[in-house]
$ cat entry-v5.cif   # mmCIF, C-alpha atoms
data_input
#
loop_
_atom_site.label_atom_id
_atom_site.label_comp_id
_atom_site.auth_asym_id
_atom_site.auth_seq_id
_atom_site.Cartn_x
_atom_site.Cartn_y
_atom_site.Cartn_z
CA MET G 1 64.67 -49.86 -11.36
CA THR G 2 64.52 -46.09 -10.92
CA ASP G 3 62.25 -44.10 -13.21
CA LYS G 4 64.41 -41.22 -14.51
CA ASN G 5 61.28 -39.37 -15.67
CA ALA G 6 59.56 -39.54 -12.29
CA THR G 7 58.71 -36.20 -10.73
CA PRO G 8 60.97 -35.63 -7.70
CA LYS G 9 59.20 -35.40 -4.34
CA ILE G 10 58.83 -31.82 -3.18
CA ILE G 11 59.21 -30.98 0.50
CA TYR G 12 57.00 -27.96 1.04
CA LEU G 13 57.99 -25.83 4.04
CA ASP G 14 56.39 -22.50 3.06
CA ASN G 15 53.01 -22.95 4.72
CA SER G 16 52.98 -19.40 6.08
CA ALA G 17 52.77 -18.22 2.46
CA THR G 18 50.04 -20.64 1.47
CA THR G 19 48.87 -24.15 2.27
CA GLN G 20 47.79 -27.20 0.36
CA VAL G 21 44.02 -27.41 0.04
CA HIS G 22 42.82 -30.13 2.39
CA PRO G 23 41.31 -33.11 0.53
CA LEU G 24 38.09 -32.79 2.55
CA VAL G 25 37.90 -29.11 1.64
CA LYS G 26 38.27 -30.01 -2.02
CA ASP G 27 35.45 -32.55 -1.69
CA ALA G 28 33.23 -29.91 -0.08
CA ILE G 29 33.91 -27.38 -2.85
CA ILE G 30 33.35 -29.57 -5.92
CA PRO G 31 29.51 -29.70 -5.78
CA TYR G 32 29.44 -25.88 -5.83
CA LEU G 33 31.51 -25.92 -9.03
CA GLU G 34 29.16 -28.43 -10.65
CA ASN G 35 25.47 -28.65 -9.76
CA LEU G 36 25.08 -26.17 -6.88
CA TYR G 37 25.94 -23.11 -8.93
CA GLY G 38 23.16 -20.71 -7.94
CA ASN G 39 23.53 -17.02 -7.10
CA PRO G 40 22.88 -16.55 -3.34
CA SER G 41 20.91 -13.37 -4.05
CA SER G 42 18.36 -15.27 -6.15
CA LEU G 43 15.13 -16.37 -4.47
CA HIS G 44 14.67 -19.56 -6.48
CA THR G 45 15.79 -23.04 -5.43
CA LYS G 46 19.29 -22.83 -6.90
CA GLY G 47 19.90 -19.48 -5.28
CA GLN G 48 18.72 -20.61 -1.87
CA GLU G 49 20.96 -23.70 -2.04
CA ALA G 50 23.92 -21.40 -2.34
CA LYS G 51 22.60 -19.08 0.36
CA ARG G 52 22.29 -21.94 2.84
CA ALA G 53 25.84 -23.06 2.05
CA ILE G 54 27.16 -19.58 2.85
CA GLU G 55 25.31 -19.48 6.17
CA THR G 56 26.69 -22.89 7.10
CA ALA G 57 30.21 -21.65 6.36
CA ARG G 58 29.54 -18.50 8.39
CA LYS G 59 28.68 -20.67 11.38
CA GLN G 60 31.79 -22.84 10.88
CA VAL G 61 34.11 -19.83 10.82
CA ALA G 62 32.41 -18.23 13.81
CA THR G 63 32.75 -21.42 15.84
CA LEU G 64 36.50 -21.51 15.22
CA ILE G 65 37.04 -18.11 16.88
CA GLY G 66 34.29 -18.05 19.52
CA ALA G 67 32.06 -15.63 17.64
CA THR G 68 28.44 -15.64 16.46
CA PRO G 69 27.63 -16.21 12.77
CA ASN G 70 26.22 -12.72 12.21
CA GLU G 71 29.62 -11.29 13.21
CA ILE G 72 31.36 -12.89 10.20
CA THR G 73 31.70 -11.00 6.90
CA PHE G 74 33.21 -12.83 3.93
CA THR G 75 35.76 -11.02 1.76
CA GLY G 76 38.11 -11.81 -1.11
CA SER G 77 41.31 -12.20 0.98
CA GLY G 78 43.10 -11.38 4.20
CA THR G 79 44.45 -8.26 2.50
CA GLU G 80 40.93 -7.07 1.67
CA SER G 81 39.83 -7.81 5.23
CA ASN G 82 42.67 -5.69 6.61
CA ASN G 83 41.81 -2.84 4.24
CA LEU G 84 38.16 -3.01 5.26
CA ALA G 85 39.10 -3.07 8.95
CA LEU G 86 41.32 0.00 8.86
CA LYS G 87 39.66 2.13 6.21
CA GLY G 88 36.13 1.13 7.18
CA ILE G 89 36.59 1.87 10.87
CA VAL G 90 38.35 5.22 10.55
CA SER G 91 36.03 6.56 7.85
CA LYS G 92 32.96 5.70 9.91
CA ASN G 93 34.39 7.09 13.16
CA LYS G 94 36.38 10.10 11.97
CA ASN G 95 34.02 12.41 13.85
CA ARG G 96 35.46 10.93 17.07
CA GLY G 97 39.14 11.29 16.19
CA ASN G 98 41.87 10.84 13.62
CA HIS G 99 44.55 8.81 15.38
CA ILE G 100 45.48 5.17 14.70
CA ILE G 101 48.04 2.97 16.47
CA THR G 102 49.70 -0.03 14.82
CA THR G 103 53.18 -1.61 14.82
CA LYS G 104 56.31 -1.52 12.69
CA ILE G 105 56.09 -5.24 11.88
CA GLU G 106 52.56 -5.53 10.51
CA HIS G 107 51.72 -7.20 7.21
CA LYS G 108 52.06 -4.87 4.22
CA SER G 109 48.29 -4.70 3.83
CA ILE G 110 48.15 -2.97 7.21
CA LEU G 111 51.24 -0.80 6.78
CA ASN G 112 50.32 0.39 3.30
CA SER G 113 46.71 1.05 4.34
CA ALA G 114 48.03 3.09 7.26
CA LYS G 115 50.34 5.05 4.97
CA TRP G 116 47.42 5.80 2.63
CA LEU G 117 45.30 6.95 5.55
CA GLU G 118 48.09 9.35 6.50
CA THR G 119 47.66 11.00 3.09
CA GLU G 120 43.97 11.42 3.96
CA GLY G 121 44.79 13.38 7.10
CA PHE G 122 44.86 10.62 9.71
CA LYS G 123 47.69 10.37 12.23
CA VAL G 124 49.41 7.00 12.67
CA THR G 125 51.72 5.84 15.46
CA TYR G 126 53.92 2.82 14.67
CA LEU G 127 54.86 0.93 17.83
CA ASN G 128 58.34 -0.51 18.39
CA VAL G 129 59.08 -4.16 19.11
CA ASP G 130 61.84 -5.77 21.17
CA LYS G 131 64.58 -8.14 19.97
CA ASN G 132 62.07 -11.02 19.94
CA GLY G 133 59.52 -9.11 17.89
CA THR G 134 57.14 -8.45 20.79
CA VAL G 135 55.24 -5.17 20.80
CA ASP G 136 56.00 -2.61 23.50
CA ILE G 137 52.77 -2.43 25.55
CA GLU G 138 54.07 0.42 27.68
CA GLN G 139 54.62 2.48 24.55
CA LEU G 140 51.08 1.62 23.44
CA LYS G 141 49.67 2.91 26.72
CA LYS G 142 51.66 6.14 26.43
CA GLU G 143 50.58 6.73 22.83
CA ILE G 144 46.83 6.64 23.56
CA ARG G 145 45.27 10.05 22.89
CA PRO G 146 41.74 11.46 23.21
CA GLU G 147 41.54 11.31 19.40
CA THR G 148 42.68 7.64 19.14
CA ILE G 149 39.95 5.61 17.44
CA LEU G 150 41.69 2.36 16.43
CA VAL G 151 44.51 0.07 17.58
CA SER G 152 45.65 -2.62 15.13
CA VAL G 153 48.19 -5.18 16.34
CA MET G 154 48.77 -8.46 14.50
CA PHE G 155 48.10 -11.65 16.48
CA ALA G 156 51.28 -13.34 15.30
CA ASN G 157 53.99 -12.16 12.94
CA ASN G 158 54.08 -13.79 9.52
CA GLU G 159 57.89 -13.80 9.29
CA VAL G 160 59.24 -14.69 12.72
CA GLY G 161 56.13 -16.21 14.29
CA THR G 162 56.12 -14.20 17.52
CA ILE G 163 52.71 -14.16 19.21
CA GLN G 164 51.74 -10.72 20.46
CA PRO G 165 50.21 -9.98 23.92
CA ILE G 166 46.72 -9.73 22.47
CA LYS G 167 44.94 -10.58 25.72
CA GLU G 168 46.79 -7.83 27.62
CA ILE G 169 46.07 -5.29 24.88
CA GLY G 170 42.41 -6.28 24.81
CA GLU G 171 42.15 -5.89 28.58
CA PHE G 172 43.78 -2.47 28.42
CA LEU G 173 41.43 -1.24 25.70
CA LYS G 174 38.30 -2.92 27.08
CA ASP G 175 36.91 0.11 28.88
CA LYS G 176 38.14 2.67 26.36
CA ASP G 177 36.20 4.03 23.42
CA ILE G 178 38.80 2.62 21.00
CA TYR G 179 38.34 -0.23 18.54
CA PHE G 180 40.82 -3.12 18.69
CA HIS G 181 41.67 -4.93 15.45
CA THR G 182 44.04 -7.84 15.05
CA ASP G 183 45.33 -9.41 11.84
CA ALA G 184 45.07 -13.06 12.88
CA VAL G 185 45.85 -14.57 9.47
CA GLN G 186 48.87 -16.48 10.82
CA ALA G 187 47.23 -17.45 14.12
CA VAL G 188 43.74 -18.66 13.27
CA GLY G 189 43.63 -22.45 13.12
CA LYS G 190 47.06 -22.79 14.76
CA ILE G 191 46.33 -21.67 18.32
CA PRO G 192 43.10 -21.32 20.32
CA ILE G 193 41.37 -17.95 19.75
CA ASN G 194 38.21 -16.67 21.41
CA THR G 195 37.28 -13.16 20.35
CA GLU G 196 34.99 -12.62 23.33
CA GLU G 197 37.56 -13.64 25.93
CA LEU G 198 40.27 -11.56 24.25
CA ASN G 199 38.11 -8.43 23.91
CA ILE G 200 38.79 -8.20 20.16
CA ASP G 201 36.47 -6.01 18.10
CA ILE G 202 37.67 -6.89 14.60
CA LEU G 203 39.73 -9.88 13.43
CA THR G 204 41.14 -10.87 10.03
CA ILE G 205 41.11 -14.41 8.61
CA SER G 206 42.52 -15.81 5.36
CA SER G 207 41.32 -19.10 3.88
CA HIS G 208 44.47 -20.24 2.12
CA LYS G 209 46.51 -20.12 5.33
CA ILE G 210 44.40 -22.89 6.91
CA HIS G 211 44.19 -25.37 4.01
CA GLY G 212 41.28 -23.63 2.31
CA PRO G 213 41.20 -22.19 -1.23
CA LYS G 214 42.78 -18.90 -2.28
CA GLY G 215 40.67 -15.86 -3.08
CA VAL G 216 38.51 -15.82 0.04
CA GLY G 217 38.88 -14.35 3.51
CA ALA G 218 36.73 -13.22 6.40
CA LEU G 219 36.46 -10.38 8.86
CA TYR G 220 35.03 -10.84 12.33
CA ILE G 221 33.22 -7.63 13.30
CA ARG G 222 31.84 -7.52 16.83
CA ASN G 223 28.15 -6.68 16.99
CA GLY G 224 27.71 -2.94 17.45
CA THR G 225 30.98 -2.01 15.74
CA LYS G 226 30.54 0.99 13.46
CA ILE G 227 32.22 0.42 10.11
CA ASN G 228 31.82 1.64 6.52
CA PRO G 229 32.14 -0.55 3.41
CA ILE G 230 35.02 0.08 1.02
CA ILE G 231 33.40 -1.79 -1.90
CA HIS G 232 30.00 -0.55 -3.06
CA GLY G 233 27.45 -2.32 -5.21
CA GLY G 234 24.52 -4.63 -4.61
CA GLY G 235 24.84 -4.66 -0.84
CA GLN G 236 25.85 -8.26 -0.21
CA GLU G 237 27.23 -9.28 3.19
CA LYS G 238 24.98 -6.88 5.09
CA GLU G 239 26.09 -4.09 2.75
CA LEU G 240 29.69 -4.39 3.97
CA ARG G 241 31.11 -6.27 0.99
CA SER G 242 29.20 -5.91 -2.26
CA GLY G 243 29.74 -8.35 -5.11
CA THR G 244 28.33 -11.78 -5.89
CA GLU G 245 29.65 -14.14 -3.26
CA ASN G 246 32.39 -16.63 -4.11
CA VAL G 247 30.28 -19.58 -2.98
CA PRO G 248 32.82 -22.39 -3.66
CA GLY G 249 35.53 -20.38 -1.90
CA ILE G 250 33.33 -19.57 1.09
CA VAL G 251 32.25 -23.21 1.38
CA GLY G 252 35.93 -24.18 1.30
CA LEU G 253 36.84 -21.68 4.00
CA GLY G 254 33.99 -22.94 6.16
CA LYS G 255 35.09 -26.55 5.82
CA ALA G 256 38.73 -25.61 6.49
CA ALA G 257 37.64 -23.77 9.63
CA GLU G 258 35.65 -26.79 10.79
CA ILE G 259 38.64 -29.10 10.26
CA ALA G 260 40.98 -26.66 12.01
CA LYS G 261 38.65 -26.55 15.02
CA ASP G 262 38.31 -30.34 15.21
CA THR G 263 42.05 -31.03 14.85
CA LEU G 264 43.48 -28.01 16.69
CA GLU G 265 44.98 -29.83 19.65
CA SER G 266 46.56 -32.64 17.64
CA ASN G 267 47.81 -30.23 14.98
CA ILE G 268 49.52 -28.01 17.57
CA LYS G 269 51.28 -31.07 18.98
CA HIS G 270 52.34 -32.20 15.49
CA LEU G 271 53.66 -28.78 14.41
CA ASN G 272 55.52 -28.20 17.67
CA MET G 273 57.18 -31.60 17.48
CA LEU G 274 58.41 -31.05 13.93
CA SER G 275 59.50 -27.49 14.67
CA LYS G 276 61.61 -28.52 17.66
CA LYS G 277 63.12 -31.36 15.66
CA LEU G 278 64.07 -29.04 12.80
CA GLU G 279 65.42 -26.31 15.07
CA LYS G 280 67.48 -28.75 17.16
CA GLY G 281 68.86 -30.51 14.08
CA ILE G 282 69.94 -27.30 12.36
CA PHE G 283 71.56 -25.77 15.44
CA LYS G 284 73.40 -29.02 16.16
CA SER G 285 74.96 -29.26 12.69
CA ILE G 286 75.54 -25.62 11.64
CA PRO G 287 77.48 -22.93 13.58
CA GLU G 288 76.99 -19.15 13.62
CA LEU G 289 73.26 -18.76 13.31
CA ILE G 290 70.40 -17.32 15.34
CA LEU G 291 66.72 -18.08 15.83
CA ASN G 292 64.54 -15.08 14.96
CA GLY G 293 61.42 -14.40 16.98
CA HIS G 294 60.44 -15.31 20.50
CA PRO G 295 62.10 -18.60 21.56
CA GLU G 296 58.90 -19.99 23.08
CA ASN G 297 55.93 -17.67 22.51
CA ARG G 298 55.64 -18.33 18.79
CA ILE G 299 53.23 -19.86 16.32
CA PRO G 300 53.53 -23.65 15.99
CA GLY G 301 55.36 -24.54 12.80
CA ASN G 302 57.38 -21.33 12.37
CA VAL G 303 61.18 -21.67 12.44
CA ASN G 304 62.95 -18.52 11.22
CA ILE G 305 66.75 -18.79 11.27
CA SER G 306 69.45 -16.38 10.13
CA PHE G 307 72.68 -17.90 8.84
CA LYS G 308 75.68 -15.61 9.22
CA TYR G 309 77.81 -14.77 6.15
CA VAL G 310 75.30 -16.03 3.52
CA GLU G 311 72.46 -14.55 1.48
CA GLY G 312 69.01 -15.94 2.26
CA GLU G 313 68.05 -15.89 -1.43
CA SER G 314 71.00 -18.15 -2.27
CA VAL G 315 70.07 -20.60 0.48
CA MET G 316 66.46 -20.62 -0.70
CA LEU G 317 67.41 -21.28 -4.33
CA MET G 318 69.87 -24.06 -3.47
CA LEU G 319 67.28 -25.73 -1.26
CA ASP G 320 64.81 -25.43 -4.12
CA CYS G 321 67.27 -27.28 -6.36
CA GLU G 322 67.06 -30.09 -3.81
CA GLY G 323 63.26 -30.06 -3.92
CA ILE G 324 62.82 -28.16 -0.65
CA CYS G 325 60.56 -25.08 -0.70
CA VAL G 326 61.21 -22.39 1.91
CA SER G 327 61.01 -18.60 2.08
CA THR G 328 63.33 -15.73 2.90
CA GLY G 329 60.49 -14.01 4.78
CA SER G 330 56.99 -12.87 3.92
CA ALA G 331 55.71 -14.05 0.54
CA CYS G 332 54.39 -10.52 -0.07
CA THR G 333 57.91 -9.05 0.11
CA SER G 334 60.08 -11.96 -1.06
CA LYS G 335 60.66 -10.37 -4.50
CA SER G 336 62.56 -7.56 -2.80
CA LEU G 337 66.29 -7.94 -2.10
CA LYS G 338 66.09 -5.44 0.74
CA PRO G 339 66.62 -6.78 4.27
CA SER G 340 63.45 -7.74 6.11
CA TYR G 341 61.73 -4.72 7.65
CA VAL G 342 60.58 -7.02 10.44
CA LEU G 343 64.12 -8.08 11.36
CA ASN G 344 65.23 -4.47 11.03
CA ALA G 345 62.56 -3.38 13.52
CA MET G 346 63.83 -6.10 15.87
CA GLY G 347 67.33 -4.60 15.74
CA LYS G 348 69.06 -7.55 14.09
CA GLU G 349 72.59 -7.14 12.72
CA ILE G 350 72.73 -6.57 8.97
CA VAL G 351 74.94 -9.65 8.48
CA PHE G 352 72.15 -11.77 9.96
CA MET G 353 69.23 -9.94 8.32
CA HIS G 354 70.45 -10.87 4.84
CA GLY G 355 70.75 -14.55 5.73
CA SER G 356 67.29 -15.28 7.11
CA ILE G 357 65.23 -18.30 6.08
CA ARG G 358 61.67 -19.01 7.16
CA PHE G 359 60.77 -22.68 7.45
CA SER G 360 56.99 -22.86 7.97
CA ILE G 361 55.79 -26.36 8.70
CA GLY G 362 52.25 -27.50 7.93
CA THR G 363 49.78 -30.23 8.76
CA PHE G 364 50.93 -32.55 5.98
CA ASN G 365 54.68 -32.41 6.68
CA THR G 366 56.39 -35.50 8.11
CA GLU G 367 59.38 -36.37 10.29
CA GLU G 368 61.07 -37.92 7.28
CA GLU G 369 60.87 -34.62 5.43
CA ILE G 370 62.39 -32.77 8.38
CA ASP G 371 65.21 -35.33 8.52
CA THR G 372 65.93 -34.67 4.85
CA VAL G 373 66.16 -30.92 5.43
CA ILE G 374 68.47 -31.39 8.40
CA LYS G 375 70.69 -33.65 6.28
CA THR G 376 70.69 -31.38 3.21
CA LEU G 377 71.13 -27.91 4.70
CA PRO G 378 74.66 -28.09 6.26
CA THR G 379 76.36 -28.76 2.92
CA ILE G 380 74.51 -25.85 1.31
CA ILE G 381 75.55 -23.44 4.06
CA LYS G 382 79.14 -24.71 4.01
CA ASN G 383 79.41 -24.26 0.24
CA LEU G 384 77.90 -20.76 0.30
CA ARG G 385 80.14 -19.64 3.14
CA ALA G 386 83.15 -20.88 1.21
CA LEU G 387 82.21 -18.40 -1.52
CA SER G 388 81.56 -15.55 0.90
CA PRO G 389 84.28 -12.86 1.09
CA ILE G 390 82.90 -11.81 4.48
CA TYR G 391 83.17 -15.35 5.87
CA ASN G 392 86.70 -15.81 4.54
CA LYS G 393 87.86 -12.71 6.42
CA ASN G 394 86.83 -14.20 9.75
#

$ encode --input "entry-v5.cif" --output "C-alpha cells"
Amino acid sequence: MTDKNATPKIIYLDNSATTQVHPLVKDAIIPYLENLYGNPSSLHTKGQEAKRAIETARKQVATLIGATPNEITFTGSGTESNNLALKGIVSKNKNRGNHIITTKIEHKSILNSAKWLETEGFKVTYLNVDKNGTVDIEQLKKEIRPETILVSVMFANNEVGTIQPIKEIGEFLKDKDIYFHTDAVQAVGKIPINTEELNIDILTISSHKIHGPKGVGALYIRNGTKINPIIHGGGQEKELRSGTENVPGIVGLGKAAEIAKDTLESNIKHLNMLSKKLEKGIFKSIPELILNGHPENRIPGNVNISFKYVEGESVMLMLDCEGICVSTGSACTSKSLKPSYVLNAMGKEIVFMHGSIRFSIGTFNTEEEIDTVIKTLPTIIKNLRALSPIYNKN
C-alpha cells in the first residue's frame, strides 16, 4: 500500500550550486559543535584543541592541491577568497602597476570585484572566449603590459563546465613579474590539481562545492606572494583574515578535502559515466538542442544543454514539479531573467540562450536517477514547445 503522505524522492542535479554534506564530514564536525568548542586564539586546553583541529584541516586542504599547509588561508566563502585575491594583491602591489587581466565569463565575485577596482583607478582587461567557452590565450599574451600585476582566469566555468588552459597560462606567466590567480571553486575535488606543477600563485576553494559545509572557504597563497588583508581585526590567519575562526566549518572543509583526495579517481569515473549517460539519453530523445561548453574538456558532472524554443525557467520549474532539481545557470545569477552572460560571451544565439539548463551531477547521484530524468524530460519539452509561438512558426 502506498503512503500518500510520504515525502517524494528528490533527484538533486544542482551540485554546482551546492552539495550535500558528506556523512563523514558531518561526523567530523559534530564534536566541534558539542565538546570541542574552544577559541583557537586561547592558550588553554580548550583553545589548543581547536587550534590543532584547524592545523589538521590546513594540511588536508593543502594535500588536495599539492601545496604546503602554511600556504592555506581559511576564509568565509569562495566569494570572500576571490575578493581577497583580487583586492589584496592589487592594493599591495599597486606601486608596480595598475593593470589586471581577467575574462568575460568569470564568477560574479571576480567580475564585480574587478568593476569596483576600476572605480579605484585600476585598469581591467576582460578576455574573450570562443564558442566552447575557452579563453583566448593569444589575446592574453597581447594584452600583457609593463603595468600588469595580476591575471585571474577561472579553472573551470561554473555554468558550462569548460576547463581553461591553466597549465599553458601558468607556463606563460612563470618568468614574468605577474601574479596568477585562478578561481578553482568548480574544479577542486573534481579533477587533479597541483599548484606547483601549474605555476599558480593564488587559488580559490569553496567548502560547500565538495560536500563540506557552507560558510567556509580557503585561499591558497604561494609562499612569497605579497598580499594585503581586506578584513582587519585580531590578526587571525597570519593577519590575512581577522575574525574568530569557524572551527566546525574549517574541520568540515578539511575532512571534505581529505575525502575528495582519497576518492578522486573513482569519483571522476562515476561522474563521467553518469554525464555521458544523461547527455546521450537527452540528445537521443529530444530534437533541436545544443550542448554548451567544450564537448570533451569539461568538468566531470556538468551537462549544460540549451533547448530551442523554450524558456529555461519554465523547464526548471516543471522538472521541479517532478521532484528534479536543476539550474538555469549559475546559482548566483539564477534570480535574473536576463540571458546568461556566459553564453552571451560564447556567442550563442538568443533563442538558445534563453533555453539553457545546467544539470550538475554529484557523488551521490545514481544511474536510476539519470534514467528518470531521461524519461521525464521529453514530455516537458514537448509540452512547452507546443505553447511556444516561436516553435509554432517553424

$ residues_near_point --input "entry-v5.cif" --point "(27.9, -15.6, 16.4)" --cutoff "12 Å" --atoms "only C-alpha atoms" --output "tab-separated table (two decimals) with C-alpha atoms, in the coordinates of the input"
chain	number	residue	atom	x	y	z
G	55	GLU	CA	25.31	-19.48	6.17
G	56	THR	CA	26.69	-22.89	7.10
G	57	ALA	CA	30.21	-21.65	6.36
G	58	ARG	CA	29.54	-18.50	8.39
G	59	LYS	CA	28.68	-20.67	11.38
G	60	GLN	CA	31.79	-22.84	10.88
G	61	VAL	CA	34.11	-19.83	10.82
G	62	ALA	CA	32.41	-18.23	13.81
G	63	THR	CA	32.75	-21.42	15.84
G	64	LEU	CA	36.50	-21.51	15.22
G	65	ILE	CA	37.04	-18.11	16.88
G	66	GLY	CA	34.29	-18.05	19.52
G	67	ALA	CA	32.06	-15.63	17.64
G	68	THR	CA	28.44	-15.64	16.46
G	69	PRO	CA	27.63	-16.21	12.77
G	70	ASN	CA	26.22	-12.72	12.21
G	71	GLU	CA	29.62	-11.29	13.21
G	72	ILE	CA	31.36	-12.89	10.20
G	73	THR	CA	31.70	-11.00	6.90
G	194	ASN	CA	38.21	-16.67	21.41
G	195	THR	CA	37.28	-13.16	20.35
G	196	GLU	CA	34.99	-12.62	23.33
G	220	TYR	CA	35.03	-10.84	12.33
G	221	ILE	CA	33.22	-7.63	13.30
G	222	ARG	CA	31.84	-7.52	16.83
G	223	ASN	CA	28.15	-6.68	16.99

$ resolve_selection --input "entry-v5.cif" --expression "the PyMOL selection byres ((chain G and resi 314) around 10)" --output "ChimeraX atom specification"
/G:310-313,315-320,328,355,380-381,384

$ closest_residue --input "entry-v5.cif" --among "G:Ile374, G:Ile205, G:Val153, G:Glu49" --to "Leu219 in chain G" --atoms "only C-alpha atoms"
G:Ile205

$ resolve_selection --input "entry-v5.cif" --expression "the PyMOL selection byres ((chain G and resi 85) around 10)" --output "ChimeraX atom specification"
/G:79-84,86-90,110,113,150,152,180-183,201-204,219-221,227-230

$ atom_distance --input "entry-v5.cif" --atom1 "CA of Thr244 in chain G" --atom2 "CA of Asn39 in chain G"
7.2 Å

$ residues_around --input "entry-v5.cif" --residues "range 17-30 of chain G" --least-positions-apart "2" --cutoff "10 Å" --atoms "all atoms listed in the file" --output "ChimeraX atom specification"
/G:12-15,32-36,158-159,186,206-214,247-259,326-327,329-332,360-364

$ closest_residue --input "entry-v5.cif" --among "G:Ile137, G:Leu387, G:Val160, G:Ile357" --to "Glu296 in chain G" --atoms "all atoms listed in the file"
G:Val160

$ atom_distance --input "entry-v5.cif" --atom1 "CA of Ile178 in chain G" --atom2 "CA of Ser77 in chain G"
25.0 Å

$ closest_residue --input "entry-v5.cif" --among "G:Ser340, G:Ser16, G:Asn292, G:Thr376" --to "Thr162 in chain G" --atoms "all atoms listed in the file"
G:Asn292

$ atom_distance --input "entry-v5.cif" --atom1 "CA of Phe172 in chain G" --atom2 "CA of Asn112 in chain G"
26.1 Å

$ decode --input "entry-v5.cif" --residues "range 73-92 of chain G" --atoms "N, CA and C atoms" --output "PDB file, in the first residue's frame"
ATOM      1  N   THR G  73      45.042  29.759   3.598  1.00  0.00           N
ATOM      2  CA  THR G  73      44.355  30.715   4.468  1.00  0.00           C
ATOM      3  C   THR G  73      42.867  30.416   4.426  1.00  0.00           C
ATOM      4  N   PHE G  74      42.255  30.237   5.578  1.00  0.00           N
ATOM      5  CA  PHE G  74      40.818  29.959   5.626  1.00  0.00           C
ATOM      6  C   PHE G  74      40.015  31.254   5.593  1.00  0.00           C
ATOM      7  N   THR G  75      38.903  31.218   4.862  1.00  0.00           N
ATOM      8  CA  THR G  75      38.022  32.375   4.708  1.00  0.00           C
ATOM      9  C   THR G  75      36.580  31.958   4.981  1.00  0.00           C
ATOM     10  N   GLY G  76      35.648  32.870   4.710  1.00  0.00           N
ATOM     11  CA  GLY G  76      34.247  32.577   4.948  1.00  0.00           C
ATOM     12  C   GLY G  76      33.505  32.014   3.748  1.00  0.00           C
ATOM     13  N   SER G  77      34.150  32.011   2.552  1.00  0.00           N
ATOM     14  CA  SER G  77      33.481  31.525   1.336  1.00  0.00           C
ATOM     15  C   SER G  77      34.422  31.645   0.152  1.00  0.00           C
ATOM     16  N   GLY G  78      34.000  31.065  -0.972  1.00  0.00           N
ATOM     17  CA  GLY G  78      34.735  31.255  -2.208  1.00  0.00           C
ATOM     18  C   GLY G  78      34.688  32.699  -2.657  1.00  0.00           C
ATOM     19  N   THR G  79      33.546  33.342  -2.453  1.00  0.00           N
ATOM     20  CA  THR G  79      33.402  34.754  -2.814  1.00  0.00           C
ATOM     21  C   THR G  79      34.385  35.622  -2.038  1.00  0.00           C
ATOM     22  N   GLU G  80      34.511  35.380  -0.738  1.00  0.00           N
ATOM     23  CA  GLU G  80      35.468  36.147   0.059  1.00  0.00           C
ATOM     24  C   GLU G  80      36.896  35.878  -0.407  1.00  0.00           C
ATOM     25  N   SER G  81      37.186  34.620  -0.721  1.00  0.00           N
ATOM     26  CA  SER G  81      38.520  34.282  -1.208  1.00  0.00           C
ATOM     27  C   SER G  81      38.844  35.032  -2.496  1.00  0.00           C
ATOM     28  N   ASN G  82      37.878  35.115  -3.404  1.00  0.00           N
ATOM     29  CA  ASN G  82      38.098  35.838  -4.656  1.00  0.00           C
ATOM     30  C   ASN G  82      38.306  37.328  -4.409  1.00  0.00           C
ATOM     31  N   ASN G  83      37.535  37.892  -3.499  1.00  0.00           N
ATOM     32  CA  ASN G  83      37.710  39.306  -3.146  1.00  0.00           C
ATOM     33  C   ASN G  83      39.093  39.550  -2.541  1.00  0.00           C
ATOM     34  N   LEU G  84      39.513  38.665  -1.652  1.00  0.00           N
ATOM     35  CA  LEU G  84      40.832  38.802  -1.035  1.00  0.00           C
ATOM     36  C   LEU G  84      41.932  38.677  -2.081  1.00  0.00           C
ATOM     37  N   ALA G  85      41.768  37.745  -3.011  1.00  0.00           N
ATOM     38  CA  ALA G  85      42.773  37.539  -4.052  1.00  0.00           C
ATOM     39  C   ALA G  85      42.955  38.790  -4.893  1.00  0.00           C
ATOM     40  N   LEU G  86      41.863  39.317  -5.434  1.00  0.00           N
ATOM     41  CA  LEU G  86      41.973  40.473  -6.321  1.00  0.00           C
ATOM     42  C   LEU G  86      42.332  41.749  -5.562  1.00  0.00           C
ATOM     43  N   LYS G  87      41.546  42.091  -4.579  1.00  0.00           N
ATOM     44  CA  LYS G  87      41.748  43.356  -3.871  1.00  0.00           C
ATOM     45  C   LYS G  87      43.031  43.338  -3.040  1.00  0.00           C
ATOM     46  N   GLY G  88      43.343  42.182  -2.462  1.00  0.00           N
ATOM     47  CA  GLY G  88      44.545  42.083  -1.646  1.00  0.00           C
ATOM     48  C   GLY G  88      45.814  42.179  -2.456  1.00  0.00           C
ATOM     49  N   ILE G  89      45.819  41.549  -3.624  1.00  0.00           N
ATOM     50  CA  ILE G  89      47.008  41.585  -4.480  1.00  0.00           C
ATOM     51  C   ILE G  89      47.237  42.978  -5.045  1.00  0.00           C
ATOM     52  N   VAL G  90      46.203  43.576  -5.634  1.00  0.00           N
ATOM     53  CA  VAL G  90      46.418  44.857  -6.316  1.00  0.00           C
ATOM     54  C   VAL G  90      46.724  45.985  -5.338  1.00  0.00           C
ATOM     55  N   SER G  91      46.126  45.943  -4.145  1.00  0.00           N
ATOM     56  CA  SER G  91      46.406  47.005  -3.175  1.00  0.00           C
ATOM     57  C   SER G  91      47.835  46.914  -2.643  1.00  0.00           C
ATOM     58  N   LYS G  92      48.340  45.702  -2.512  1.00  0.00           N
ATOM     59  CA  LYS G  92      49.702  45.512  -2.013  1.00  0.00           C
ATOM     60  C   LYS G  92      50.741  45.823  -3.077  1.00  0.00           C
TER      61      LYS G  92
END
